[in-house]
file data24.pdb (PDB, C-alpha atoms)
ATOM      1  CA  MET A   1      14.225   4.298  12.332
ATOM      2  CA  ASN A   2      10.808   5.959  12.152
ATOM      3  CA  ILE A   3       9.161   5.360   8.774
ATOM      4  CA  ARG A   4       7.042   8.316   7.675
ATOM      5  CA  PHE A   5       5.600   9.478   4.358
ATOM      6  CA  ASP A   6       5.103  13.192   5.010
ATOM      7  CA  GLY A   7       5.144  15.076   1.708
ATOM      8  CA  LYS A   8       4.842  11.850  -0.283
ATOM      9  CA  VAL A   9       1.984  10.888  -2.607
ATOM     10  CA  ALA A  10       0.880   7.257  -2.849
ATOM     11  CA  ILE A  11      -1.452   5.570  -5.337
ATOM     12  CA  VAL A  12      -2.934   2.296  -4.126
ATOM     13  CA  THR A  13      -4.969   0.282  -6.632
ATOM     14  CA  GLY A  14      -7.792  -1.947  -5.469
ATOM     15  CA  ALA A  15      -7.900   0.106  -2.268
ATOM     16  CA  GLY A  16     -11.639  -0.019  -1.634
ATOM     17  CA  ALA A  17     -11.431  -3.150   0.517
ATOM     18  CA  GLY A  18      -9.136  -5.831   1.901
ATOM     19  CA  LEU A  19      -5.385  -5.432   1.589
ATOM     20  CA  GLY A  20      -5.561  -2.254  -0.501
ATOM     21  CA  ARG A  21      -7.736  -0.500   2.039
ATOM     22  CA  GLN A  22      -5.358  -1.383   4.868
ATOM     23  CA  HIS A  23      -2.360  -0.195   2.841
ATOM     24  CA  ALA A  24      -4.073   3.110   2.045
ATOM     25  CA  LEU A  25      -5.132   3.766   5.638
ATOM     26  CA  ALA A  26      -1.621   3.043   6.884
ATOM     27  CA  PHE A  27       0.049   5.336   4.329
ATOM     28  CA  ALA A  28      -2.329   8.141   5.293
ATOM     29  CA  ALA A  29      -1.764   7.578   9.005
ATOM     30  CA  ARG A  30       1.954   8.073   8.410
ATOM     31  CA  GLY A  31       1.570  11.320   6.510
ATOM     32  CA  ALA A  32       1.101  10.403   2.848
ATOM     33  CA  LYS A  33      -1.474  11.904   0.535
ATOM     34  CA  VAL A  34      -3.266   8.893  -0.904
ATOM     35  CA  VAL A  35      -5.145   8.146  -4.115
ATOM     36  CA  ILE A  36      -7.729   5.460  -3.434
ATOM     37  CA  ASN A  37      -8.194   3.617  -6.707
ATOM     38  CA  ASP A  38     -10.959   1.044  -6.938
ATOM     39  CA  PHE A  39     -13.046  -0.034  -9.904
ATOM     40  CA  GLY A  40     -15.700  -1.238  -7.480
ATOM     41  CA  GLY A  41     -16.309  -4.531  -9.261
ATOM     42  CA  SER A  42     -17.028  -7.990  -7.890
ATOM     43  CA  ARG A  43     -14.341 -10.539  -7.023
ATOM     44  CA  GLU A  44     -14.661 -11.796 -10.606
ATOM     45  CA  GLY A  45     -14.255  -8.263 -11.990
ATOM     46  CA  SER A  46     -17.833  -7.566 -13.061
ATOM     47  CA  GLY A  47     -19.850  -4.454 -12.259
ATOM     48  CA  GLY A  48     -18.364  -1.253 -10.942
ATOM     49  CA  SER A  49     -19.062   1.383  -8.301
ATOM     50  CA  SER A  50     -17.206   4.275  -6.681
ATOM     51  CA  ALA A  51     -18.812   3.693  -3.286
ATOM     52  CA  ALA A  52     -15.992   1.598  -1.804
ATOM     53  CA  ALA A  53     -13.241   4.052  -2.793
ATOM     54  CA  LEU A  54     -15.207   7.033  -1.510
ATOM     55  CA  ALA A  55     -15.809   5.291   1.815
ATOM     56  CA  VAL A  56     -12.062   4.823   2.322
ATOM     57  CA  VAL A  57     -11.449   8.461   1.396
ATOM     58  CA  GLU A  58     -13.930   9.502   4.065
ATOM     59  CA  GLU A  59     -12.212   7.268   6.645
ATOM     60  CA  ILE A  60      -8.886   8.924   5.904
ATOM     61  CA  ARG A  61     -10.301  12.444   5.963
ATOM     62  CA  ALA A  62     -12.155  11.763   9.213
ATOM     63  CA  ALA A  63      -8.821  10.795  10.762
ATOM     64  CA  GLY A  64      -7.235  14.058   9.567
ATOM     65  CA  GLY A  65      -5.534  12.681   6.462
ATOM     66  CA  THR A  66      -5.631  13.643   2.791
ATOM     67  CA  ALA A  67      -7.065  11.384   0.096
ATOM     68  CA  ILE A  68      -8.944  11.400  -3.189
ATOM     69  CA  ALA A  69     -10.877   8.640  -4.942
ATOM     70  CA  ASN A  70     -10.408   7.277  -8.437
ATOM     71  CA  GLY A  71     -12.465   4.628 -10.221
ATOM     72  CA  ALA A  72     -10.083   3.619 -13.032
ATOM     73  CA  ASN A  73     -10.147   0.066 -14.315
ATOM     74  CA  VAL A  74      -6.442  -0.843 -14.218
ATOM     75  CA  ALA A  75      -6.886  -3.084 -17.265
ATOM     76  CA  ASP A  76      -7.539   0.068 -19.346
ATOM     77  CA  PHE A  77      -4.315   2.035 -19.883
ATOM     78  CA  GLY A  78      -6.167   5.200 -20.858
ATOM     79  CA  GLN A  79      -8.079   5.188 -17.573
ATOM     80  CA  VAL A  80      -4.840   4.593 -15.652
ATOM     81  CA  GLN A  81      -3.176   7.515 -17.433
ATOM     82  CA  ASP A  82      -6.148   9.684 -16.464
ATOM     83  CA  MET A  83      -5.767   8.530 -12.841
ATOM     84  CA  VAL A  84      -2.122   9.592 -12.794
ATOM     85  CA  ALA A  85      -3.028  12.925 -14.431
ATOM     86  CA  GLN A  86      -5.662  13.454 -11.725
ATOM     87  CA  THR A  87      -3.019  12.701  -9.088
ATOM     88  CA  MET A  88      -0.584  15.182 -10.597
ATOM     89  CA  ASP A  89      -3.272  17.857 -10.813
ATOM     90  CA  ALA A  90      -4.205  17.329  -7.169
ATOM     91  CA  PHE A  91      -0.804  16.793  -5.577
ATOM     92  CA  GLY A  92       1.914  17.596  -8.125
ATOM     93  CA  ARG A  93       3.896  14.376  -7.784
ATOM     94  CA  VAL A  94       3.701  10.586  -7.429
ATOM     95  CA  ASP A  95       6.169   8.910  -5.087
ATOM     96  CA  ILE A  96       4.611   5.521  -4.429
ATOM     97  CA  LEU A  97       2.556   3.066  -6.459
ATOM     98  CA  VAL A  98       1.153  -0.090  -4.900
ATOM     99  CA  ASN A  99      -0.206  -2.384  -7.616
ATOM    100  CA  ASN A 100      -2.743  -4.281  -5.541
ATOM    101  CA  ALA A 101      -5.893  -4.546  -7.703
ATOM    102  CA  GLY A 102      -6.901  -8.057  -8.654
ATOM    103  CA  ILE A 103      -9.695 -10.458  -9.541
ATOM    104  CA  LEU A 104     -10.220 -14.226  -9.475
ATOM    105  CA  ARG A 105     -11.736 -16.508 -12.095
ATOM    106  CA  ASP A 106     -10.737 -19.916 -10.773
ATOM    107  CA  LYS A 107     -11.289 -23.142 -12.727
ATOM    108  CA  SER A 108      -9.209 -26.145 -13.588
ATOM    109  CA  PHE A 109      -7.218 -25.560 -16.769
ATOM    110  CA  ALA A 110      -9.337 -28.118 -18.641
ATOM    111  CA  LYS A 111     -12.512 -26.154 -17.887
ATOM    112  CA  MET A 112     -11.085 -22.615 -18.103
ATOM    113  CA  ASP A 113     -12.194 -20.371 -20.947
ATOM    114  CA  VAL A 114      -9.441 -18.550 -22.805
ATOM    115  CA  ALA A 115     -11.327 -15.313 -22.133
ATOM    116  CA  ASP A 116     -11.128 -15.898 -18.368
ATOM    117  CA  PHE A 117      -7.399 -16.568 -18.643
ATOM    118  CA  ARG A 118      -6.841 -13.350 -20.569
ATOM    119  CA  THR A 119      -9.047 -11.235 -18.288
ATOM    120  CA  VAL A 120      -7.125 -12.229 -15.171
ATOM    121  CA  LEU A 121      -3.813 -11.436 -16.893
ATOM    122  CA  ASP A 122      -5.243  -8.104 -18.053
ATOM    123  CA  VAL A 123      -6.036  -7.044 -14.485
ATOM    124  CA  HIS A 124      -3.080  -8.425 -12.535
ATOM    125  CA  LEU A 125      -0.171  -8.335 -14.990
ATOM    126  CA  MET A 126      -1.210  -5.723 -17.543
ATOM    127  CA  GLY A 127      -2.879  -3.632 -14.826
ATOM    128  CA  SER A 128       0.374  -3.489 -12.869
ATOM    129  CA  MET A 129       2.299  -2.691 -16.041
ATOM    130  CA  HIS A 130      -0.177   0.079 -16.891
ATOM    131  CA  GLY A 131       0.230   1.729 -13.493
ATOM    132  CA  SER A 132       3.999   1.389 -13.530
ATOM    133  CA  LYS A 133       4.242   2.748 -17.078
ATOM    134  CA  ALA A 134       1.990   5.701 -16.273
ATOM    135  CA  VAL A 135       4.153   6.833 -13.329
ATOM    136  CA  TRP A 136       7.541   5.810 -14.733
ATOM    137  CA  ASP A 137       8.619   9.058 -16.387
ATOM    138  CA  ILE A 138       7.388  11.085 -13.408
ATOM    139  CA  MET A 139       9.496   8.998 -11.039
ATOM    140  CA  ARG A 140      12.515   9.127 -13.358
ATOM    141  CA  GLU A 141      12.374  12.910 -13.604
ATOM    142  CA  GLN A 142      12.039  13.428  -9.864
ATOM    143  CA  LYS A 143      14.691  10.707  -9.264
ATOM    144  CA  TYR A 144      12.527   9.035  -6.670
ATOM    145  CA  GLY A 145       9.965   6.282  -6.782
ATOM    146  CA  ARG A 146       8.764   3.209  -4.938
ATOM    147  CA  ILE A 147       6.666   0.591  -6.742
ATOM    148  CA  VAL A 148       5.261  -2.555  -5.152
ATOM    149  CA  MET A 149       3.833  -5.432  -7.172
ATOM    150  CA  THR A 150       1.553  -8.034  -5.580
ATOM    151  CA  THR A 151       2.367 -11.667  -6.329
ATOM    152  CA  SER A 152       1.061 -14.848  -4.722
ATOM    153  CA  ALA A 153       2.108 -18.316  -3.613
ATOM    154  CA  ALA A 154      -0.088 -19.498  -6.500
ATOM    155  CA  GLY A 155       2.450 -17.973  -8.885
ATOM    156  CA  LEU A 156       5.600 -18.738  -6.919
ATOM    157  CA  TYR A 157       4.678 -22.344  -6.140
ATOM    158  CA  GLY A 158       1.453 -23.246  -7.973
ATOM    159  CA  ASN A 159      -2.149 -23.805  -6.875
ATOM    160  CA  PHE A 160      -4.717 -26.091  -8.485
ATOM    161  CA  GLY A 161      -7.402 -24.243 -10.429
ATOM    162  CA  GLN A 162      -5.457 -20.993 -10.752
ATOM    163  CA  ALA A 163      -3.493 -21.278 -13.991
ATOM    164  CA  ASN A 164      -4.535 -17.771 -15.060
ATOM    165  CA  TYR A 165      -3.874 -16.205 -11.656
ATOM    166  CA  GLY A 166      -0.595 -18.077 -11.132
ATOM    167  CA  ALA A 167       0.719 -17.118 -14.570
ATOM    168  CA  ALA A 168      -0.121 -13.456 -13.971
ATOM    169  CA  LYS A 169       1.414 -13.445 -10.499
ATOM    170  CA  MET A 170       4.675 -15.029 -11.621
ATOM    171  CA  GLY A 171       4.796 -12.590 -14.531
ATOM    172  CA  LEU A 172       4.868  -9.756 -12.000
ATOM    173  CA  VAL A 173       8.093 -11.132 -10.534
ATOM    174  CA  GLY A 174       9.674 -10.978 -13.985
ATOM    175  CA  LEU A 175       8.390  -7.422 -14.431
ATOM    176  CA  MET A 176       9.930  -6.461 -11.091
ATOM    177  CA  ASN A 177      13.290  -7.980 -12.044
ATOM    178  CA  VAL A 178      13.583  -5.894 -15.214
ATOM    179  CA  LEU A 179      12.155  -2.645 -13.816
ATOM    180  CA  HIS A 180      14.623  -2.898 -10.935
ATOM    181  CA  GLN A 181      17.508  -2.847 -13.415
ATOM    182  CA  GLU A 182      16.052   0.008 -15.439
ATOM    183  CA  GLY A 183      14.951   2.137 -12.495
ATOM    184  CA  ILE A 184      17.656   1.811  -9.866
ATOM    185  CA  LYS A 185      19.893   4.520 -11.374
ATOM    186  CA  ASN A 186      17.045   7.009 -10.826
ATOM    187  CA  ASN A 187      16.329   5.833  -7.271
ATOM    188  CA  ILE A 188      13.213   3.923  -8.325
ATOM    189  CA  ARG A 189      13.016   0.817  -6.173
ATOM    190  CA  ILE A 190      10.766  -2.036  -7.236
ATOM    191  CA  ASN A 191       9.663  -4.800  -4.890
ATOM    192  CA  THR A 192       6.944  -7.430  -4.680
ATOM    193  CA  ILE A 193       4.731  -8.484  -1.780
ATOM    194  CA  ALA A 194       3.362 -12.042  -1.638
ATOM    195  CA  PRO A 195       0.491 -11.695   0.844
ATOM    196  CA  ILE A 196      -1.430 -14.345   2.723
ATOM    197  CA  ALA A 197      -4.496 -12.562   4.041
ATOM    198  CA  ALA A 198      -8.179 -12.922   4.818
ATOM    199  CA  THR A 199      -9.927 -10.985   2.048
ATOM    200  CA  ARG A 200     -12.935 -11.570  -0.158
ATOM    201  CA  MET A 201     -10.553 -13.412  -2.516
ATOM    202  CA  THR A 202      -9.652 -15.984   0.169
ATOM    203  CA  ALA A 203     -12.819 -16.039   2.290
ATOM    204  CA  GLU A 204     -14.097 -19.268   0.724
ATOM    205  CA  LEU A 205     -10.747 -21.037   0.716
ATOM    206  CA  LEU A 206      -9.794 -21.137   4.406
ATOM    207  CA  PRO A 207     -11.496 -22.065   7.708
ATOM    208  CA  PRO A 208     -12.579 -19.270  10.110
ATOM    209  CA  GLU A 209      -9.733 -19.907  12.566
ATOM    210  CA  ALA A 210      -7.126 -19.516   9.826
ATOM    211  CA  LEU A 211      -8.809 -16.402   8.438
ATOM    212  CA  ALA A 212      -8.777 -14.818  11.899
ATOM    213  CA  ALA A 213      -5.005 -15.321  12.112
ATOM    214  CA  ILE A 214      -4.202 -13.678   8.781
ATOM    215  CA  GLN A 215      -6.028 -10.358   8.801
ATOM    216  CA  PRO A 216      -4.894  -7.919   6.062
ATOM    217  CA  GLU A 217      -3.456  -5.382   8.493
ATOM    218  CA  ARG A 218      -0.779  -7.925   9.414
ATOM    219  CA  VAL A 219       0.635  -7.722   5.875
ATOM    220  CA  THR A 220       0.576  -3.937   5.451
ATOM    221  CA  PRO A 221       3.700  -3.094   7.536
ATOM    222  CA  GLY A 222       5.750  -5.042   4.999
ATOM    223  CA  VAL A 223       4.339  -2.959   2.146
ATOM    224  CA  LEU A 224       5.154   0.265   3.997
ATOM    225  CA  PHE A 225       8.724  -0.902   4.550
ATOM    226  CA  LEU A 226       9.073  -1.709   0.822
ATOM    227  CA  CYS A 227       7.922   1.859   0.043
ATOM    228  CA  SER A 228      10.115   3.627   2.593
ATOM    229  CA  GLU A 229      13.212   5.766   2.062
ATOM    230  CA  ALA A 230      15.303   2.778   3.180
ATOM    231  CA  ALA A 231      13.517   0.270   0.942
ATOM    232  CA  PRO A 232      15.528  -2.473  -0.735
ATOM    233  CA  SER A 233      14.909  -3.247  -4.404
ATOM    234  CA  ARG A 234      14.123  -6.481  -6.273
ATOM    235  CA  VAL A 235      12.827  -8.263  -3.175
ATOM    236  CA  VAL A 236       9.910 -10.693  -3.012
ATOM    237  CA  LEU A 237       8.559 -10.406   0.526
ATOM    238  CA  SER A 238       6.152 -13.139   1.580
ATOM    239  CA  ALA A 239       3.844 -11.971   4.358
ATOM    240  CA  GLY A 240       0.995 -13.378   6.412
ATOM    241  CA  GLY A 241      -0.269 -13.263   9.970
ATOM    242  CA  GLY A 242       2.554 -11.009  11.103
ATOM    243  CA  ALA A 243       5.257 -13.329   9.729
ATOM    244  CA  PHE A 244       7.604 -12.354   6.882
ATOM    245  CA  ALA A 245      10.050 -14.232   4.642
ATOM    246  CA  ALA A 246      12.118 -13.372   1.582
ATOM    247  CA  ALA A 247      11.662 -15.506  -1.545
ATOM    248  CA  THR A 248      13.972 -15.758  -4.528
ATOM    249  CA  MET A 249      14.754 -17.838  -7.607
ATOM    250  CA  VAL A 250      17.830 -20.026  -7.221
ATOM    251  CA  GLU A 251      19.679 -22.297  -9.635
ATOM    252  CA  THR A 252      21.988 -25.250  -9.095
ATOM    253  CA  ALA A 253      25.575 -25.236 -10.305
ATOM    254  CA  PRO A 254      25.871 -26.125 -14.015
ATOM    255  CA  CYS A 255      26.981 -29.685 -14.843
ATOM    256  CA  HIS A 256      28.942 -29.882 -18.093
ATOM    257  CA  PHE A 257      28.816 -32.739 -20.617
ATOM    258  CA  SER A 258      31.543 -33.250 -23.211
ATOM    259  CA  ALA A 259      30.501 -33.533 -26.846
ATOM    260  CA  ASP A 260      30.969 -37.322 -26.887
ATOM    261  CA  THR A 261      28.808 -37.815 -23.760
ATOM    262  CA  LEU A 262      26.051 -35.272 -24.450
ATOM    263  CA  THR A 263      22.953 -37.462 -24.782
ATOM    264  CA  PRO A 264      19.502 -37.494 -23.171
ATOM    265  CA  GLU A 265      20.521 -40.700 -21.415
ATOM    266  CA  ALA A 266      23.586 -39.035 -19.885
ATOM    267  CA  ILE A 267      21.420 -36.192 -18.581
ATOM    268  CA  ALA A 268      19.029 -38.745 -17.072
ATOM    269  CA  ASN A 269      21.909 -40.591 -15.424
ATOM    270  CA  ARG A 270      23.299 -37.388 -13.877
ATOM    271  CA  PHE A 271      19.997 -35.707 -13.067
ATOM    272  CA  ALA A 272      20.486 -36.191  -9.315
ATOM    273  CA  GLU A 273      23.736 -34.222  -9.660
ATOM    274  CA  ILE A 274      22.102 -31.583 -11.868
ATOM    275  CA  SER A 275      19.290 -31.094  -9.337
ATOM    276  CA  ASP A 276      21.521 -31.067  -6.245
ATOM    277  CA  TRP A 277      20.075 -28.078  -4.415
ATOM    278  CA  SER A 278      23.027 -27.896  -2.043
ATOM    279  CA  THR A 279      24.895 -26.201  -4.920
ATOM    280  CA  ALA A 280      22.167 -23.620  -5.553
ATOM    281  CA  SER A 281      22.737 -19.873  -5.676
ATOM    282  CA  ALA A 282      20.820 -16.796  -6.789
ATOM    283  CA  TYR A 283      21.748 -14.474  -9.656
ATOM    284  CA  GLY A 284      21.488 -10.687  -9.580
ATOM    285  CA  GLU A 285      20.601 -10.458 -13.273
ATOM    286  CA  ALA A 286      20.389 -12.605 -16.404
ATOM    287  CA  GLY A 287      23.939 -11.877 -17.555
ATOM    288  CA  GLN A 288      25.375 -13.535 -14.461
ATOM    289  CA  GLU A 289      23.660 -16.817 -15.270
ATOM    290  CA  VAL A 290      24.621 -16.649 -18.950
ATOM    291  CA  GLY A 291      28.201 -15.813 -17.993
ATOM    292  CA  ARG A 292      28.421 -18.770 -15.619
ATOM    293  CA  PHE A 293      27.299 -21.188 -18.329
ATOM    294  CA  ILE A 294      29.791 -19.742 -20.811
ATOM    295  CA  GLU A 295      32.570 -19.893 -18.210
ATOM    296  CA  THR A 296      31.701 -23.511 -17.366
ATOM    297  CA  SER A 297      31.637 -24.528 -21.024
ATOM    298  CA  LEU A 298      34.878 -22.726 -21.925
ATOM    299  CA  GLY A 299      36.598 -24.118 -18.843
ATOM    300  CA  ALA A 300      35.661 -27.647 -19.854
ATOM    301  CA  LEU A 301      36.917 -27.125 -23.422
ATOM    302  CA  ARG A 302      40.244 -25.777 -22.148
ATOM    303  CA  GLY A 303      40.618 -28.787 -19.912
TER     304      GLY A 303
END
call {"tool": "encode", "arguments": {"input": "data24.pdb", "output": "C-alpha cells"}}
result
Amino acid sequence: MNIRFDGKVAIVTGAGAGLGRQHALAFAARGAKVVINDFGGSREGSGGSSAAALAVVEEIRAAGGTAIANGANVADFGQVQDMVAQTMDAFGRVDILVNNAGILRDKSFAKMDVADFRTVLDVHLMGSMHGSKAVWDIMREQKYGRIVMTTSAAGLYGNFGQANYGAAKMGLVGLMNVLHQEGIKNNIRINTIAPIAATRMTAELLPPEALAAIQPERVTPGVLFLCSEAAPSRVVLSAGGGAFAAATMVETAPCHFSADTLTPEAIANRFAEISDWSTASAYGEAGQEVGRFIETSLGALRG
C-alpha cells in the first residue's frame, strides 16, 4: 500500500515548529495541499508571530508543494472559523485536520492558578473542539474526513505538575470516542496520537541522549497513517522514537453483590476480585458497558 494525499487538503495546527512542522512537511511531500496554522506564541502561549508558519510554507513551496499560512489562535472559535473559510476559499475542501497546537503551564496543583488551568484547557481541548467543529459540516457533506487529536502520556497515565495538561489531554480521548460514533456513517474517521518527541515542550524534561532518540519525524508516519484512506477510527496510537503501540481503556468483569451483602466492607473484602485485570476487556461504546452491568444485575436477581 502506497499512502498518498494527492488532491487532499490538510490543516495542521501548531505547524510552525516541532511535531506540527514535521506533519505538515510530510503531508506536502505526499501530495497534500497544506494549511500551516501557527499562532506564533511562546511555549506558554504568550506573544504571537506569523514568521514560523510562513517559514514552513516557504519550505514546502521550495520543495514543489502547495501551502498557505494561517495565524489563528485555536482557542478563539471565530479565528478558527476564519481559518477554515480561508482554506475553503483557497482549495475548495478540507479532508484532514490534525489538532496539534498546544502550550504548557506546568506547576504542582497546589501552586497552579485557576487561570493557568483554564488557559491550557482552552488551547488543547477547546482548540481541538473548535477545529473539529469548524470542519465538521464540510466533512459530513463531502462524506470524507480524517481528524487526529493529540493526547499525551500525561493524560493517559498522569504526570506530576501537569494537572491542567493531563486533564485536557484525557478530555481529547473522550472527544474522539464520541466524534467517532457521530462521524463514522459519513466516513469521518477520528483518531488520537500520543507522541513522545523532542520538541520545545520537552526540551527541558529529558537528557540530550533521550532527546536525540525521539526526534519528531519519528512520530509523523503514524499521523499520516491515521489520516490515510485506510485509516482506522477511534484508535489511540502511542508513538515515539520509531516505536508504536495502541492504547485503550479496559474494564474488569463486574462483580455482583446481593442486596443483603451490599456494604462498603463487602466491597473492600472483594476488591482484589473486582480489580482482577485478567478479566478485563474493552468496550466499543458506552451502551455496551451499561448493558453488561444490567445483564449482570438481572442475571443475579433471576438466580
call {"tool": "residues_around", "arguments": {"input": "data24.pdb", "residues": "A:Leu125", "least_positions_apart": "6", "cutoff": "9 Å", "atoms": "all atoms listed in the file", "output": "list of chain:residue names"}}
result
A:Ala75, A:Ala167, A:Ala168, A:Lys169, A:Met170, A:Gly171, A:Leu172, A:Leu175
call {"tool": "resolve_selection", "arguments": {"input": "data24.pdb", "expression": "the PyMOL selection byres ((chain A and resi 155) around 10)", "output": "PyMOL selection string"}}
result
chain A and resi 151-154+156-159+162-173+194
call {"tool": "closest_residue", "arguments": {"input": "data24.pdb", "among": "A:Glu59, A:Asp122, A:Asp276, A:Asp137", "to": "A:Val84", "atoms": "only C-alpha atoms"}}
result
A:Asp137
call {"tool": "closest_residue", "arguments": {"input": "data24.pdb", "among": "A:Val56, A:Val98, A:Ala90, A:Leu224", "to": "A:Arg30", "atoms": "all atoms listed in the file"}}
result
A:Leu224
call {"tool": "atom_distance", "arguments": {"input": "data24.pdb", "atom1": "atom CA of A:Gly14", "atom2": "atom CA of A:Ala69"}}
result
11.0 Å
